[in-house]
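What follows is one structure encoded as structure tokens, with my remarks underneath.
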There are 4 protein chains.
Amino acid sequence: MELKVGSPDLEPGDDATYARAGFGGGFAKGERPAVVVVDFARGFTDPASPTGSDMTTAIEHTNRLIEAARTAGCPVVFTTIAYDPGTPEVTWLRKARGMAGLTVGSPSVQIDPRCLREPHDPVIVKEHASAFFGTALLSLLVSHGADTLIVCGATTSGCVRATAVDSVSAGFPTLVPTECVADRAQAPHDASLFDLQEKYADVEPVDDLIAYLGSLTEGQSS
Amino acid sequence: MELKVGSPDLEPGDDATYARAGFGGGFAKGERPAVVVVDFARGFTDPASPTGSDMTTAIEHTNRLIEAARTAGCPVVFTTIAYDPGTPEVTWLRKARGMAGLTVGSPSVQIDPRCLREPHDPVIVKEHASAFFGTALLSLLVSHGADTLIVCGATTSGCVRATAVDSVSAGFPTLVPTECVADRAQAPHDASLFDLQEKYADVEPVDDLIAYLGSLTEGQSS
Amino acid sequence: MELKVGSPDLEPGDDATYARAGFGGGFAKGERPAVVVVDFARGFTDPASPTGSDMTTAIEHTNRLIEAARTAGCPVVFTTIAYDPGTPEVTWLRKARGMAGLTVGSPSVQIDPRCLREPHDPVIVKEHASAFFGTALLSLLVSHGADTLIVCGATTSGCVRATAVDSVSAGFPTLVPTECVADRAQAPHDASLFDLQEKYADVEPVDDLIAYLGSLTEGQSS
Amino acid sequence: MELKVGSPDLEPGDDATYARAGFGGGFAKGERPAVVVVDFARGFTDPASPTGSDMTTAIEHTNRLIEAARTAGCPVVFTTIAYDPGTPEVTWLRKARGMAGLTVGSPSVQIDPRCLREPHDPVIVKEHASAFFGTALLSLLVSHGADTLIVCGATTSGCVRATAVDSVSAGFPTLVPTECVADRAQAPHDASLFDLQEKYADVEPVDDLIAYLGSLTEGQSS
């Protein structure tokens, strides 16, 4: 796969600059991956929501990945942003004001019912961009013995990117399936995929990651 | 000031999409700001370094901001990336391979001598993109009673952005002076400034922030 | 006030050892304290609960402190431990097995109705001992501009202590009102109050802290 | 092994109280343990240091454990407390004033030369009690794929305890070898070992843990 994300904007010489800096390395994938599906909640996936847009295709591809993860026995974790009703004292909401509409108990914070979530899949409630910030996600992954994290969800330039940066910082080889992440606008989506691939994660076709999960299943049954 | 960062790439309708989602709010600035200067170390500011580029202009503007901060009695904190020599087991280095050259004790991890660092300014040694990740920065800011964080340094699409995202998540109104941040390539720089302004920080001209710091000084002397 | 906690067990010379090591310093109290009430939920405060005991007196003293905090305009935050039903993959529950009974939605995780909680007081849901671990508490305190933390609740040797250790590590002068913390057994309670006073917090009579909060009120109205 | 730590202080009925609460469970040990040796630096292990005491026996037992860990190929990490000279703005130092003497570059922050540290063993520099707080330890352990943490060092009621609480909160089955931890005074040492065994860690004889590490070695060579 040749990654072209963001490349239209790069100037002559930028490729050489990044190559010289040693970015774009690749991870060895682990044997105990986990999947985190970031913010595929109605507030983000329903085009009628002020903070939402149509993410149908990304949800469908994520569902395919989830099925492969279940077959391989890998944990699947969902996240949603939700705040206490009223006027919570959260500095971020002064900037990202639209998020204040995501209140605990409202439909907008429910995981999109099109997602193949099973009742035992944990749902991490978060108040900030990264699924790791101020949550028990890291502890959950360590408790599971996870050694690799696959990050799907929304939005690419927001919570997905912040989660991937924290994931690799926490020590996990981090994988982002291209078709499984979505954003409100194309340019920020492309730019973040470029940065992610260069600096933080292996951005790969979902079919390659489904094949990877399938290889784990075969290994387990042999 | 009209922010146009990244805007050439935005498609018709994107502006309306972001407006509807409620992004781009502004912070009330606090009374006890702190300044963090991210990774203005030789490995990043020396064009001869594989991971470096020319950041002279950004350093000069940052020095002006630092002088204003000192007059106002605000803490100024520097950061540098540095790893133990040998082959440290740091997952991120498998991706950002060039960073492995930033070893403890080498010239590349020294704060650029052009920076107006004073001996008592703390230098936070970090191993990951965000200046908050796995460091005592948050504790330092709380110990100082800081209520606002100004983020300068390098690179815009890397450690500056990751630091700003963590800063607002930690609860600090977060300010990024446009002229005080730098990157290796223009497109990722522009794209991250756009995302920062929309979602995480108030991206403002350095002169406006120098004026803000000056207003604090006047208040203290009155 | 003469602290005698744990002292019966100290051997001759221990006092001198601690004095020489420089422990037992005191904090200057800040101007914007917050109160965190740790785990005064039915699972801990109802003697009929396997993990509970009678904490009536500590709740009453905490209520007096809460009233003083409200008058002074200080935020009051409650915490509760709660896990998803089923068999959550949380390493700590393999050790503290009884905590697994504290499931989301069950009466045991509700804040004790005798507590003077008001509807807008945040309730932090946590999965581990410290109220800071894997939660948004630190972000909440920074968003409020808190500069001091008063820690009440249960249990002294468990979640109160872990919270106080994280509080001072995060940079907050940390205050523990003696009468407002409770435990299942006297010896661990005494031993942790001793350690807290020596190493992590100012352990003070609740009346002194109520007077401190009152002094803030007077200052605000002058 | 019958744990009697702290038991002299327990009152009739306390044992039943703890049993009813479900404390004192045991962990299944993992296949990839790591060892963290907390603060066996001269400031703590040299009786001539104001903050030190004689920890010779604990160091000797820890060395035996380290040798077994090396044979099994397990990472060994050391920690030391060190502050920038001058008057660092660290809230904890207002309480634990003696720690301010542990300055970067001074002999007191050097790992005790009697410890079997090898040059490639990481040394985590920390500013607070827990080896996890504001450090890259968690990231290091995840990068190594560790699934269990053995905590040795000093002091039992201080940094060892705080580290063990964070370790189990982070998701690691946590093991404390009784003979490998030390404190300035016996009563706080005993009380913390009691709390650790009941609530946070498996406190076991060092010989049992050496046997466990040996069993890993055999498995690897078969």
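If you're wondering about the labels, chains in the structure tokens are A, B, ... by order shown, residues count from 1 in each chain, ligands from 1 in order shown.
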
Could the residues of chain B within 8 Å of chain A, counting only C-alpha atoms, be given as a PDB file with C-alpha atoms, in the first residue's frame, please?
ATOM      1  CA  ASP B   9      -7.510  22.641   1.715  1.00  0.00           C
ATOM      2  CA  LEU B  10     -10.958  23.043   3.190  1.00  0.00           C
ATOM      3  CA  GLU B  11     -13.808  22.272   0.838  1.00  0.00           C
ATOM      4  CA  ASP B  14     -16.393  22.704   5.797  1.00  0.00           C
ATOM      5  CA  THR B  17     -19.641  22.080   9.363  1.00  0.00           C
ATOM      6  CA  ARG B  20     -22.340  23.946  13.469  1.00  0.00           C
ATOM      7  CA  ALA B  21     -20.222  21.601  15.595  1.00  0.00           C
ATOM      8  CA  GLY B  22     -19.419  24.501  17.906  1.00  0.00           C
ATOM      9  CA  PHE B  23     -15.636  24.412  17.533  1.00  0.00           C
ATOM     10  CA  GLY B  24     -13.339  27.401  17.701  1.00  0.00           C
ATOM     11  CA  GLY B  25     -14.464  28.782  21.057  1.00  0.00           C
ATOM     12  CA  GLY B  26     -12.108  31.018  22.984  1.00  0.00           C
ATOM     13  CA  PHE B  27     -10.717  30.870  26.506  1.00  0.00           C
ATOM     14  CA  PRO B  50      18.852  14.738  10.849  1.00  0.00           C
ATOM     15  CA  THR B  51      15.764  15.588  12.901  1.00  0.00           C
ATOM     16  CA  GLY B  52      16.396  19.342  12.787  1.00  0.00           C
ATOM     17  CA  VAL B  90      10.690   2.542  23.854  1.00  0.00           C
ATOM     18  CA  THR B  91       7.917   1.557  21.459  1.00  0.00           C
ATOM     19  CA  TRP B  92       7.734   5.029  19.927  1.00  0.00           C
ATOM     20  CA  ARG B  94      10.300   1.916  16.411  1.00  0.00           C
ATOM     21  CA  LYS B  95       8.169   4.464  14.552  1.00  0.00           C
ATOM     22  CA  ALA B  96      10.082   7.734  15.036  1.00  0.00           C
ATOM     23  CA  ARG B  97      13.434   6.049  14.558  1.00  0.00           C
ATOM     24  CA  GLY B  98      15.404   9.259  14.167  1.00  0.00           C
ATOM     25  CA  MET B  99      14.606  10.233  17.744  1.00  0.00           C
ATOM     26  CA  HIS B 128       7.350  10.973  24.099  1.00  0.00           C
ATOM     27  CA  ALA B 129       5.573  13.607  22.059  1.00  0.00           C
ATOM     28  CA  PHE B 133       3.285  12.216  29.091  1.00  0.00           C
ATOM     29  CA  SER B 157       2.444  18.859  14.161  1.00  0.00           C
ATOM     30  CA  GLY B 158       4.322  16.742  16.689  1.00  0.00           C
ATOM     31  CA  ALA B 162       0.437  16.703  21.560  1.00  0.00           C
ATOM     32  CA  VAL B 165      -4.011  18.591  23.521  1.00  0.00           C
ATOM     33  CA  VAL B 168      -6.430  21.594  27.601  1.00  0.00           C
ATOM     34  CA  SER B 169      -7.404  18.075  28.669  1.00  0.00           C
ATOM     35  CA  GLY B 171      -7.812  21.770  32.419  1.00  0.00           C
ATOM     36  CA  PHE B 172      -5.582  24.649  31.349  1.00  0.00           C
ATOM     37  CA  PRO B 173      -6.790  27.345  28.975  1.00  0.00           C
ATOM     38  CA  ARG B 184       9.931  20.755   9.296  1.00  0.00           C
ATOM     39  CA  ALA B 185       7.367  21.180   6.563  1.00  0.00           C
ATOM     40  CA  GLN B 186       4.697  23.776   5.900  1.00  0.00           C
ATOM     41  CA  ALA B 187       1.657  21.596   5.194  1.00  0.00           C
ATOM     42  CA  PRO B 188       1.662  19.641   8.479  1.00  0.00           C
ATOM     43  CA  ALA B 191      -2.915  21.654   9.240  1.00  0.00           C
ATOM     44  CA  ASP B 195      -6.870  21.809  14.240  1.00  0.00           C
ATOM     45  CA  GLU B 198     -10.597  24.817  16.151  1.00  0.00           C
ATOM     46  CA  LYS B 199     -10.344  22.188  18.885  1.00  0.00           C
ATOM     47  CA  TYR B 200      -7.697  22.673  21.530  1.00  0.00           C
ATOM     48  CA  ALA B 201      -6.043  26.063  21.883  1.00  0.00           C
TER      49      ALA B 201
END

For this session: Please return as a PyMOL selection string: the residues of segment 1-124 of chain A that backbone DSSP assigns to alpha helix (DSSP H).
Result: chain A and resi 14-21+42-45+56-71+92-95

Exercise. If you run DSSP on this backbone, which residues of chain B come out as strand (DSSP E), and could you give them as a PyMOL selection string?
Worked result: chain B and resi 33-38+76-81+123-126+148-154+174-177+181-182+202-204

For this session: Check the smallest atom-to-atom distance from each of C:Met55, C:Val38, C:Val77, C:Val109 to Ala146 of chain C using only C-alpha atoms, then report the winner.
Result: C:Val77

For this session: Just the residues within 12 Å of Ala131 of chain A, please, counting only C-alpha atoms, with nothing from its chain fewer than 6 positions along; format it as a ChimeraX atom specification.
Result: /A:36-39,77-81,123-125,137-141,151-155,158-167 /B:166,169 /C:134-136

Problem set entry | Test item: residues at most 7 Å from Ser108 of chain C, only C-alpha atoms, excluding those fewer than 5 positions along its chain, as an NGL selection string | :C and (41-43 or 102)
